[in-house]
Amino acid sequence: MTGEPVWPIEERAVNTTTDVPGEVLFPTQPFATKPPPFSGQGVSLEDASELTPEIHALVVEEMKRFRLGPLFTPPSLQGTLQRPGWSGGVNWGGAAFDPETELLYVRTSEDADTNQLCVNAGDDPEVDVEYR
């Protein structure tokens, strides 16, 4: 075993804008070139629910409170909506094959989660950094 990836991994430029004083973000992140993403990557206002016009308007208004962006958009003091969320996209739940239809069923999660850094108020003795 050589340790080579199954397919090429590309280092691509990512957003390095931050609202965290003193934070320096790495300018690139690794992206798999194959297979194409099975789950959503990143969050934009176009992802807002369109169940009804009223729900869509409420969701858009709520989403505007957070930082939105593509995969690898960093956590922020404002709060960043990230997708895949904490439970991953297709990381959990496995897959099932139906031999009659010859279809492979793969569970996916389209959840978005909030990733936010908070100023350390100094009241937790186990946290000795400026942000938590």
# chains A, B, ... in the order shown; residues from 1 in each chain; ligands from 1
>>> residues_around(residues="Tyr131 of chain A", least_positions_apart="4", cutoff="9 Å", atoms="only C-alpha atoms", output="compact mmCIF listing (two decimals) with C-alpha atoms, in the first residue's frame")
# COMPACT_ATOMS: atom_id res chain seq x y z
CA VAL A 20 -12.44 36.80 14.63
CA LEU A 117 -17.22 31.15 18.07
CA CYS A 118 -17.94 33.06 21.26
CA VAL A 119 -15.79 35.44 23.23
CA ASN A 120 -14.56 33.73 26.38
CA ALA A 121 -16.03 35.57 29.37
CA VAL A 127 -11.16 27.30 28.93
>>> select_by_dssp(residues="segment 37-84 of chain A", states="helix (DSSP H, G or I)", output="list in words")
Leu45, Glu46, Asp47, Pro53, Glu54, Ile55, His56, Ala57, Leu58, Val59, Val60, Glu61, Glu62 and Met63 of chain A
>>> write_last_selection(atoms="C-alpha atoms", output="short mmCIF file (atom, residue, chain, number, x, y, z; two decimals), in the first residue's frame")
data_model
loop_
_atom_site.label_atom_id
_atom_site.label_comp_id
_atom_site.auth_asym_id
_atom_site.auth_seq_id
_atom_site.Cartn_x
_atom_site.Cartn_y
_atom_site.Cartn_z
CA LEU A 45 -30.25 31.71 0.48
CA GLU A 46 -31.28 29.57 -2.51
CA ASP A 47 -31.42 26.61 -0.09
CA PRO A 53 -44.23 31.63 0.26
CA GLU A 54 -44.70 32.61 3.91
CA ILE A 55 -42.35 29.89 5.18
CA HIS A 56 -39.81 30.80 2.51
CA ALA A 57 -39.83 34.45 3.63
CA LEU A 58 -39.41 33.45 7.29
CA VAL A 59 -36.55 31.07 6.51
CA VAL A 60 -34.72 33.63 4.34
CA GLU A 61 -35.04 36.24 7.10
CA GLU A 62 -33.65 33.78 9.68
CA MET A 63 -30.80 32.66 7.40
#
>>> select_by_dssp(residues="chain A", states="strand (DSSP E or B)", output="number ranges by chain")
A: 9-13, 28-32, 43, 67, 69, 76, 80-82, 95-98, 103-106, 113-116, 119, 131
>>> write_last_selection(atoms="C-alpha atoms", output="PDB file, in the first residue's frame")
ATOM      1  CA  ILE A   9      -7.344  15.425  -4.129  1.00  0.00           C
ATOM      2  CA  GLU A  10      -6.980  19.067  -5.180  1.00  0.00           C
ATOM      3  CA  GLU A  11      -5.977  21.936  -2.933  1.00  0.00           C
ATOM      4  CA  ARG A  12      -8.323  24.795  -3.816  1.00  0.00           C
ATOM      5  CA  ALA A  13      -8.503  28.392  -2.647  1.00  0.00           C
ATOM      6  CA  THR A  28      -6.590  26.364   0.646  1.00  0.00           C
ATOM      7  CA  GLN A  29      -8.488  23.207   1.602  1.00  0.00           C
ATOM      8  CA  PRO A  30      -8.475  19.678   0.127  1.00  0.00           C
ATOM      9  CA  PHE A  31     -11.291  18.809  -2.292  1.00  0.00           C
ATOM     10  CA  ALA A  32     -11.953  15.317  -3.625  1.00  0.00           C
ATOM     11  CA  VAL A  43     -25.354  27.068   2.359  1.00  0.00           C
ATOM     12  CA  ARG A  67     -22.776  33.872   7.623  1.00  0.00           C
ATOM     13  CA  GLY A  69     -21.076  30.298   2.007  1.00  0.00           C
ATOM     14  CA  SER A  76     -17.555  33.085  12.907  1.00  0.00           C
ATOM     15  CA  THR A  80     -21.952  30.365  10.241  1.00  0.00           C
ATOM     16  CA  LEU A  81     -24.539  28.017   8.769  1.00  0.00           C
ATOM     17  CA  GLN A  82     -22.649  24.988   7.531  1.00  0.00           C
ATOM     18  CA  ALA A  95     -26.251   1.869   2.521  1.00  0.00           C
ATOM     19  CA  ALA A  96     -28.565  -0.934   1.388  1.00  0.00           C
ATOM     20  CA  PHE A  97     -28.647  -2.800  -1.920  1.00  0.00           C
ATOM     21  CA  ASP A  98     -31.865  -4.158  -3.443  1.00  0.00           C
ATOM     22  CA  LEU A 103     -30.396  -0.093  -6.810  1.00  0.00           C
ATOM     23  CA  LEU A 104     -28.113   1.038  -4.012  1.00  0.00           C
ATOM     24  CA  TYR A 105     -29.900   3.188  -1.440  1.00  0.00           C
ATOM     25  CA  VAL A 106     -27.722   5.635   0.461  1.00  0.00           C
ATOM     26  CA  ASP A 113     -25.919  23.478  11.601  1.00  0.00           C
ATOM     27  CA  THR A 114     -24.665  26.672  13.204  1.00  0.00           C
ATOM     28  CA  ASN A 115     -20.945  26.924  13.886  1.00  0.00           C
ATOM     29  CA  GLN A 116     -20.190  29.942  16.076  1.00  0.00           C
ATOM     30  CA  VAL A 119     -15.791  35.442  23.229  1.00  0.00           C
ATOM     31  CA  TYR A 131     -12.611  32.334  22.095  1.00  0.00           C
TER      32      TYR A 131
END
>>> closest_residue(among="A:Asp111, A:Asp123, A:Phe66, A:Asp19", to="Trp86 of chain A", atoms="only C-alpha atoms")
A:Asp111
>>> atom_distance(atom1="atom CA of Gln78 of chain A", atom2="atom CA of Glu50 of chain A")
25.0 Å
>>> decode(residues="segment 40-120 of chain A", atoms="C-alpha atoms", output="CSV table (one decimal), in the first residue's frame")
chain,number,residue,atom,x,y,z
A,40,GLY,CA,-25.3,19.6,-0.2
A,41,GLN,CA,-22.0,21.5,0.2
A,42,GLY,CA,-22.3,24.9,1.8
A,43,VAL,CA,-25.4,27.1,2.4
A,44,SER,CA,-26.9,29.9,0.4
A,45,LEU,CA,-30.3,31.7,0.5
A,46,GLU,CA,-31.3,29.6,-2.5
A,47,ASP,CA,-31.4,26.6,-0.1
A,48,ALA,CA,-34.3,28.2,1.9
A,49,SER,CA,-37.5,26.1,2.1
A,50,GLU,CA,-40.1,26.9,-0.4
A,51,LEU,CA,-42.9,24.9,1.3
A,52,THR,CA,-45.1,28.0,1.2
A,53,PRO,CA,-44.2,31.6,0.3
A,54,GLU,CA,-44.7,32.6,3.9
A,55,ILE,CA,-42.4,29.9,5.2
A,56,HIS,CA,-39.8,30.8,2.5
A,57,ALA,CA,-39.8,34.4,3.6
A,58,LEU,CA,-39.4,33.5,7.3
A,59,VAL,CA,-36.5,31.1,6.5
A,60,VAL,CA,-34.7,33.6,4.3
A,61,GLU,CA,-35.0,36.2,7.1
A,62,GLU,CA,-33.7,33.8,9.7
A,63,MET,CA,-30.8,32.7,7.4
A,64,LYS,CA,-29.7,36.3,6.9
A,65,ARG,CA,-28.7,36.4,10.6
A,66,PHE,CA,-25.8,34.0,9.8
A,67,ARG,CA,-22.8,33.9,7.6
A,68,LEU,CA,-23.5,31.7,4.5
A,69,GLY,CA,-21.1,30.3,2.0
A,70,PRO,CA,-19.6,27.3,0.3
A,71,LEU,CA,-18.0,24.3,1.9
A,72,PHE,CA,-15.2,25.3,4.2
A,73,THR,CA,-16.7,28.7,5.1
A,74,PRO,CA,-15.1,29.2,8.5
A,75,PRO,CA,-16.9,29.5,11.9
A,76,SER,CA,-17.6,33.1,12.9
A,77,LEU,CA,-18.5,35.3,15.8
A,78,GLN,CA,-21.7,36.0,13.9
A,79,GLY,CA,-22.5,32.3,13.5
A,80,THR,CA,-22.0,30.4,10.2
A,81,LEU,CA,-24.5,28.0,8.8
A,82,GLN,CA,-22.6,25.0,7.5
A,83,ARG,CA,-23.6,22.0,5.4
A,84,PRO,CA,-23.1,19.2,5.7
A,85,GLY,CA,-24.0,19.6,9.4
A,86,TRP,CA,-22.5,17.9,12.4
A,87,SER,CA,-24.0,14.5,11.5
A,88,GLY,CA,-22.3,14.6,8.1
A,89,GLY,CA,-23.9,14.1,4.7
A,90,VAL,CA,-23.6,10.4,3.9
A,91,ASN,CA,-21.2,9.6,6.7
A,92,TRP,CA,-23.7,7.8,8.9
A,93,GLY,CA,-26.3,5.2,8.4
A,94,GLY,CA,-24.7,3.0,5.8
A,95,ALA,CA,-26.3,1.9,2.5
A,96,ALA,CA,-28.6,-0.9,1.4
A,97,PHE,CA,-28.6,-2.8,-1.9
A,98,ASP,CA,-31.9,-4.2,-3.4
A,99,PRO,CA,-30.9,-7.1,-5.7
A,100,GLU,CA,-34.3,-7.1,-7.4
A,101,THR,CA,-34.1,-3.5,-8.6
A,102,GLU,CA,-30.3,-3.5,-8.6
A,103,LEU,CA,-30.4,-0.1,-6.8
A,104,LEU,CA,-28.1,1.0,-4.0
A,105,TYR,CA,-29.9,3.2,-1.4
A,106,VAL,CA,-27.7,5.6,0.5
A,107,ARG,CA,-29.0,7.7,3.4
A,108,THR,CA,-28.1,11.4,3.2
A,109,SER,CA,-28.7,14.3,5.5
A,110,GLU,CA,-29.2,17.8,4.2
A,111,ASP,CA,-29.2,19.3,7.7
A,112,ALA,CA,-27.4,22.6,8.2
A,113,ASP,CA,-25.9,23.5,11.6
A,114,THR,CA,-24.7,26.7,13.2
A,115,ASN,CA,-20.9,26.9,13.9
A,116,GLN,CA,-20.2,29.9,16.1
A,117,LEU,CA,-17.2,31.1,18.1
A,118,CYS,CA,-17.9,33.1,21.3
A,119,VAL,CA,-15.8,35.4,23.2
A,120,ASN,CA,-14.6,33.7,26.4
